[in-house]
Each structure stands twice: as structure tokens, then as C-alpha cells.
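Structure first, then comments.
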Amino acid sequence: MDRRDGDPRCYVGAGMADPVQHARQIARAGHGPAAVALLEDAGRRGNSTAFAELAAWLLRGDIIPRDVSRARSTLRQAVEIGHVDAALLEVALTANGTGAPADWRGAFSLLAVAARNDPVAAQQLALVRAMKLDDAGYPSTAFDIEVLSAEPYIAVCRGALSAQESLHLAAIANPLLEPSVVVDPVTRRPVAHPVRSSFNATIGPAQETLPIAAFSRRLEVLTNTPLGNGEPLQILRYTVGQEYKLHSDAIPGEPNQRTVTAITYMNDGYDGGETYFPSQQIVVTPRAGDILIFHNTTADGVADPRSRHAGLPVTKGVKWIATKWLRNSRYNPWDS
Ligand SMILES: O=C(O)CCC(=O)C(=O)O
Ligand SMILES: [Fe+2]
């Protein structure tokens, strides 16, 4: 590597071919402000990827300090000069209220604009158009809920996710799948553990497409829990032999407890994989589109051992679910 690689003066205005690569190099060498200046300059010259890259840095906060409202304005600049992925990211942040209040109608309009040129955006728009929603993206029709147990509360809502919506969730999650982890009770950090042998993907706020944002609002209604209390959606995939052994979704000693869980069965046609609550002797057989909702804590907020549950081993085929853990109070999804 050239000795001068770390010196920003060698790059700014040096006319090198790919300003994004150069900005990354400069940033890695510890010259964040020079890297930002390089991206801004390239963006102003019409390089939409440079603006999109800068917006990503501002959102992540790893290279330069996080600044979500500046990320939003930088993203706007990237979209204005035609960056298609930035357009979808802008939709996600507009709908979930990152850097500005959540604005469903604004997000829908942005997606409609993006859909004119981008088939991926067009497909997402068609999915949202097929939903029955109000002006804020909430379901405009009621869902029937079948209560399986009053105490602890365990209930099922049948047919609450369409096959197209399920495919969309799987398509977004598939490239993000990695071995599942659990929260370490001592360090509170995610760690691999034999209790949970599935693969999973976290759909963070930057990956939350408009169909997924609508789905989150549906879960808010079904769980009677504010949207802002939800952790990012987890998509889990279990192959033969994989399982989630008996556990509580509540986290020991956590002040902002996981009070409610919503598990959406994305497919069926596999063997095994039932969700089992031993203390209630309840076995829920997964059916594509059904949503299982249960409370993990008692009314006074402590972990309820009666809602301990397991995802039994899959014995044939592949099981896909979407799990939403909802907290007692607001949860910052960027913490995940
Ligand atoms: O796979 C299942 O049926 C249970 C999943 C589960 O317990 C969870 O995601 O918290
Ligand atoms: Fe669980």
C-alpha cells in the first residue's frame, strides 16, 4: 500500500476515478471530515452514490457522528439526482419517523414517485395498494382474535398476513440471514447459544420497506402496543432439526421489559415446528398467515413463567416466522 494512502491531501480534488472508494480509504485512515468533504463535492458534481454513501455514514454513526436529520437531507439530494436505493431508504425513514416525525402519506408519495422508474419500488407499491389501510398506514378493517388463554394472555389472529406479504418479508430477510443469537443475561449483548439453532435476520429501520412498515402498524393494533415500543422485526428460518428450546422472551433484569410477543407464521407445509406453551398445555400448529400473540409479563411487569414457550424442532421442510418483541415503553430501533 502506498505510504501516502492515509493522507487526505492526496485524494481531495485529485481527480481519482471512484470518489466513494477514496472517501472510504480516507475515512479508514482517520480523516473523517476530509472524506465527508470529498463525498459532498462528488455529490454536488452529480454523483448520487456519493450522497447515498454519506447518508449511510450519517445514519450509522460509525465513521462520523450520527446525524439523522442531516442523513435525511443528504438522502434527498441523492434521490433528486436519481439514486434508486436511496429512494427506497428515504421511503423507509419517512414511514418510520427517523430524523423527522413519521409520515405515512409522505412515504407513500415518495414510493409512488420511485415506482415510475424502479420495478422494485413498483412491486412494493402494489403490495401496499393491496392492503386495506387508513391514511396513516393502519389497518382500516378489524381482525378476529381467538383467545387461547386469558391468563397468561395467548391468542391467535388467523389469516393476518397474505402470501404476497410473506414472500416480500422472506425476500428482504434472505440476504440478511445469520445464525440466531440470544441476549446474554449478564452482559445484555447478543450471543450464540444452543437454545436457539435457527437462522434469523433483523429488519432494522433502514430495511423497513413500506409493506413492512404497514405490517408493523398491523402488529401494533393486534398487540395493542404502541409502534414505538417494538424492537425491529426478526425473521427466523428453521431447517430440519432446528428449534428454539423452552425460554421466556422476557430479559432478566431488563427495566424496559419485552411485555408482548407476536409471532407470524409465514409458511406451512413443514412437519414439526409447533409453538408449545408447556404450563398451559397449548400447542399452536403453524398456519401460513396466522399471528400468535402472547404476554410475557404479568400486569405488574414481572416475567410470567407461565408464558415460557418453545419452537419445537422442525422434522421435515423449512419453517419461516416473523417475530416482533414489544417492550413496555419506547425502544430505539437503532440500538439493535
Ligand atoms: O419458533 C417458534 O415457534 C417460537 C419462536 C419464539 O419463541 C420467538 O421468536 O421468541
Ligand atoms: Fe420466544
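Numbering starts fresh at 1 for the residues of each chain in the C-alpha cells, the chains themselves are lettered A, B, ... in the order given, and ligands are numbered from 1 as they appear.
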
Would you give me, as a tab-separated table, each residue of chain A having an atom within 10 Å of an atom of ligand 1, along with its shortest atom pair and that distance in Å to one decimal, using only C-alpha atoms and all ligand atoms and sorting by chain and residue number?
```
residue	atom	partner	partner_atom_place_in_ligand_line	distance
A:Val182	CA	ligand 1	10 (O)	9.7
A:Arg196	CA	ligand 1	6 (C)	9.0
A:Ser198	CA	ligand 1	1 (O)	8.6
A:Asn200	CA	ligand 1	9 (O)	9.5
A:Gln234	CA	ligand 1	9 (O)	7.7
A:Ile235	CA	ligand 1	9 (O)	8.5
A:Leu236	CA	ligand 1	9 (O)	7.3
A:Arg237	CA	ligand 1	1 (O)	8.6
A:Tyr238	CA	ligand 1	1 (O)	7.9
A:Gln242	CA	ligand 1	1 (O)	9.4
A:Glu243	CA	ligand 1	1 (O)	6.7
A:Tyr244	CA	ligand 1	1 (O)	5.9
A:Lys245	CA	ligand 1	7 (O)	8.1
A:Leu246	CA	ligand 1	7 (O)	8.0
A:His247	CA	ligand 1	7 (O)	7.2
A:Ser248	CA	ligand 1	10 (O)	7.7
A:Asp249	CA	ligand 1	10 (O)	5.7
A:Ala250	CA	ligand 1	10 (O)	9.4
A:Thr261	CA	ligand 1	10 (O)	7.0
A:Ala262	CA	ligand 1	9 (O)	8.3
A:Ile263	CA	ligand 1	9 (O)	6.5
A:Thr264	CA	ligand 1	3 (O)	9.0
A:Tyr265	CA	ligand 1	3 (O)	8.2
A:Gly272	CA	ligand 1	3 (O)	9.8
A:Gly273	CA	ligand 1	3 (O)	6.1
A:Glu274	CA	ligand 1	3 (O)	5.7
A:Thr275	CA	ligand 1	3 (O)	4.0
A:Tyr276	CA	ligand 1	3 (O)	7.3
A:Phe277	CA	ligand 1	7 (O)	9.8
A:Val283	CA	ligand 1	3 (O)	9.7
A:Val284	CA	ligand 1	3 (O)	8.1
A:Thr285	CA	ligand 1	3 (O)	8.9
A:Pro286	CA	ligand 1	3 (O)	7.8
A:Leu292	CA	ligand 1	3 (O)	9.1
A:Arg308	CA	ligand 1	7 (O)	8.5
A:His309	CA	ligand 1	7 (O)	6.1
A:Ala310	CA	ligand 1	4 (C)	5.5
A:Gly311	CA	ligand 1	2 (C)	3.5
A:Leu312	CA	ligand 1	3 (O)	6.7
A:Pro313	CA	ligand 1	1 (O)	8.6
A:Val314	CA	ligand 1	1 (O)	9.3
A:Lys319	CA	ligand 1	1 (O)	8.1
A:Trp320	CA	ligand 1	1 (O)	8.3
A:Ile321	CA	ligand 1	1 (O)	6.8
A:Ala322	CA	ligand 1	9 (O)	7.5
A:Thr323	CA	ligand 1	9 (O)	5.0
A:Lys324	CA	ligand 1	9 (O)	7.6
A:Trp325	CA	ligand 1	10 (O)	7.5
```

(Q) At a cut-off of 8 Å, using only C-alpha atoms, what residues contact region 142-155 of chain A? Leave out same-chain residues fewer than 6 positions from it and give the result as a list in words. (A) Leu222, Gln280, Ile282, Leu292, Ile293, Phe294, His295, Asn296, Thr298, Asp304, Arg306 and Ser307 of chain A

Can you list every residue of region 225-257 of chain A that has an atom at most 12 Å from region 85-104 of chain A, with its nearest atom pair and the distance in Å to one decimal, using only C-alpha atoms, ordered by chain then number, as JSON lines?
```
{"residue": "A:Leu227", "atom": "CA", "partner": "A:Asn96", "partner_atom": "CA", "distance": 9.3}
{"residue": "A:Gly228", "atom": "CA", "partner": "A:Asn96", "partner_atom": "CA", "distance": 9.1}
{"residue": "A:Gly230", "atom": "CA", "partner": "A:Asn96", "partner_atom": "CA", "distance": 11.5}
{"residue": "A:Pro232", "atom": "CA", "partner": "A:Asn96", "partner_atom": "CA", "distance": 11.1}
```

Here CA of His168 (chain A) and CA of Thr315 (chain A) stand apart by 25.2 Å

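When only C-alpha atoms and all ligand atoms are used to measure the gap to ligand 2, the shortest distance among A:Leu210, A:Leu167, A:Val191, A:Val183 belongs to A:Val183.
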
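We find CA of Val195 (chain A) and CA of Pro305 (chain A) to be spaced 16.9 Å apart.
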
Could you write out, as a PDB file with C-alpha atoms, in the first residue's frame, all the residues of region 123-301 of chain A that DSSP marks as strand (DSSP E or B)?
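Now in selection28.pdb:
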```
ATOM      1  CA  LEU A 133     -55.229   0.880   5.132  1.00  0.00           C
ATOM      2  CA  PRO A 139     -55.483  -1.420   9.002  1.00  0.00           C
ATOM      3  CA  ILE A 145     -58.766 -12.691  17.546  1.00  0.00           C
ATOM      4  CA  GLU A 146     -59.206 -16.140  19.093  1.00  0.00           C
ATOM      5  CA  VAL A 147     -58.098 -16.164  22.738  1.00  0.00           C
ATOM      6  CA  LEU A 148     -56.421 -19.470  23.679  1.00  0.00           C
ATOM      7  CA  SER A 149     -55.643 -18.485  27.271  1.00  0.00           C
ATOM      8  CA  ILE A 154     -52.236 -16.171  24.478  1.00  0.00           C
ATOM      9  CA  ALA A 155     -54.235 -15.534  21.302  1.00  0.00           C
ATOM     10  CA  VAL A 156     -54.221 -16.208  17.572  1.00  0.00           C
ATOM     11  CA  CYS A 157     -55.296 -13.982  14.711  1.00  0.00           C
ATOM     12  CA  GLU A 178     -27.273 -15.209  10.020  1.00  0.00           C
ATOM     13  CA  PRO A 179     -27.088 -17.691  12.907  1.00  0.00           C
ATOM     14  CA  VAL A 182     -29.911 -14.777  22.427  1.00  0.00           C
ATOM     15  CA  VAL A 183     -29.449 -11.882  24.865  1.00  0.00           C
ATOM     16  CA  PRO A 190     -26.361 -10.891  21.762  1.00  0.00           C
ATOM     17  CA  VAL A 191     -24.547 -14.231  21.959  1.00  0.00           C
ATOM     18  CA  ARG A 196     -31.697 -21.300  19.575  1.00  0.00           C
ATOM     19  CA  PHE A 199     -31.037 -18.523  11.319  1.00  0.00           C
ATOM     20  CA  ASN A 200     -32.504 -15.068  11.587  1.00  0.00           C
ATOM     21  CA  ALA A 201     -32.473 -11.618  10.040  1.00  0.00           C
ATOM     22  CA  THR A 202     -33.116  -8.334  11.797  1.00  0.00           C
ATOM     23  CA  ILE A 203     -35.184  -5.948   9.704  1.00  0.00           C
ATOM     24  CA  GLY A 230     -41.403  -2.532  19.082  1.00  0.00           C
ATOM     25  CA  LEU A 233     -38.848  -7.345  13.220  1.00  0.00           C
ATOM     26  CA  GLN A 234     -36.913 -10.631  13.344  1.00  0.00           C
ATOM     27  CA  ILE A 235     -37.346 -13.119  10.521  1.00  0.00           C
ATOM     28  CA  LEU A 236     -36.457 -16.667  11.597  1.00  0.00           C
ATOM     29  CA  ARG A 237     -35.781 -19.620   9.371  1.00  0.00           C
ATOM     30  CA  TYR A 238     -35.592 -23.140  10.840  1.00  0.00           C
ATOM     31  CA  TYR A 244     -35.953 -22.646  19.813  1.00  0.00           C
ATOM     32  CA  LYS A 245     -35.834 -24.526  23.112  1.00  0.00           C
ATOM     33  CA  LEU A 246     -38.061 -23.640  26.070  1.00  0.00           C
ATOM     34  CA  HIS A 247     -37.463 -20.000  27.002  1.00  0.00           C
ATOM     35  CA  ARG A 258     -40.413  -7.387  26.492  1.00  0.00           C
ATOM     36  CA  THR A 259     -44.035  -7.424  27.551  1.00  0.00           C
ATOM     37  CA  VAL A 260     -45.652  -8.833  24.394  1.00  0.00           C
ATOM     38  CA  THR A 261     -44.554 -11.133  21.577  1.00  0.00           C
ATOM     39  CA  ALA A 262     -46.193 -11.505  18.156  1.00  0.00           C
ATOM     40  CA  ILE A 263     -45.112 -14.486  16.063  1.00  0.00           C
ATOM     41  CA  THR A 264     -46.323 -14.555  12.463  1.00  0.00           C
ATOM     42  CA  TYR A 265     -46.192 -17.892  10.671  1.00  0.00           C
ATOM     43  CA  ASP A 271     -43.565 -31.044   9.851  1.00  0.00           C
ATOM     44  CA  GLY A 272     -42.890 -30.169  13.490  1.00  0.00           C
ATOM     45  CA  THR A 275     -45.061 -23.348  19.241  1.00  0.00           C
ATOM     46  CA  TYR A 276     -45.544 -25.023  22.620  1.00  0.00           C
ATOM     47  CA  PHE A 277     -46.526 -23.488  25.974  1.00  0.00           C
ATOM     48  CA  ILE A 282     -51.092 -25.222  24.459  1.00  0.00           C
ATOM     49  CA  VAL A 283     -49.638 -26.380  21.151  1.00  0.00           C
ATOM     50  CA  VAL A 284     -50.022 -23.920  18.278  1.00  0.00           C
ATOM     51  CA  ILE A 291     -50.281 -14.424  14.055  1.00  0.00           C
ATOM     52  CA  LEU A 292     -49.739 -15.736  17.598  1.00  0.00           C
ATOM     53  CA  ILE A 293     -49.774 -13.049  20.299  1.00  0.00           C
ATOM     54  CA  PHE A 294     -48.873 -13.572  23.950  1.00  0.00           C
ATOM     55  CA  HIS A 295     -47.872 -11.639  27.054  1.00  0.00           C
ATOM     56  CA  THR A 297     -45.046 -10.370  31.823  1.00  0.00           C
TER      57      THR A 297
END
```

CA of Ser69 (chain A) sits from CA of Gln123 (chain A) at a separation of 28.0 Å
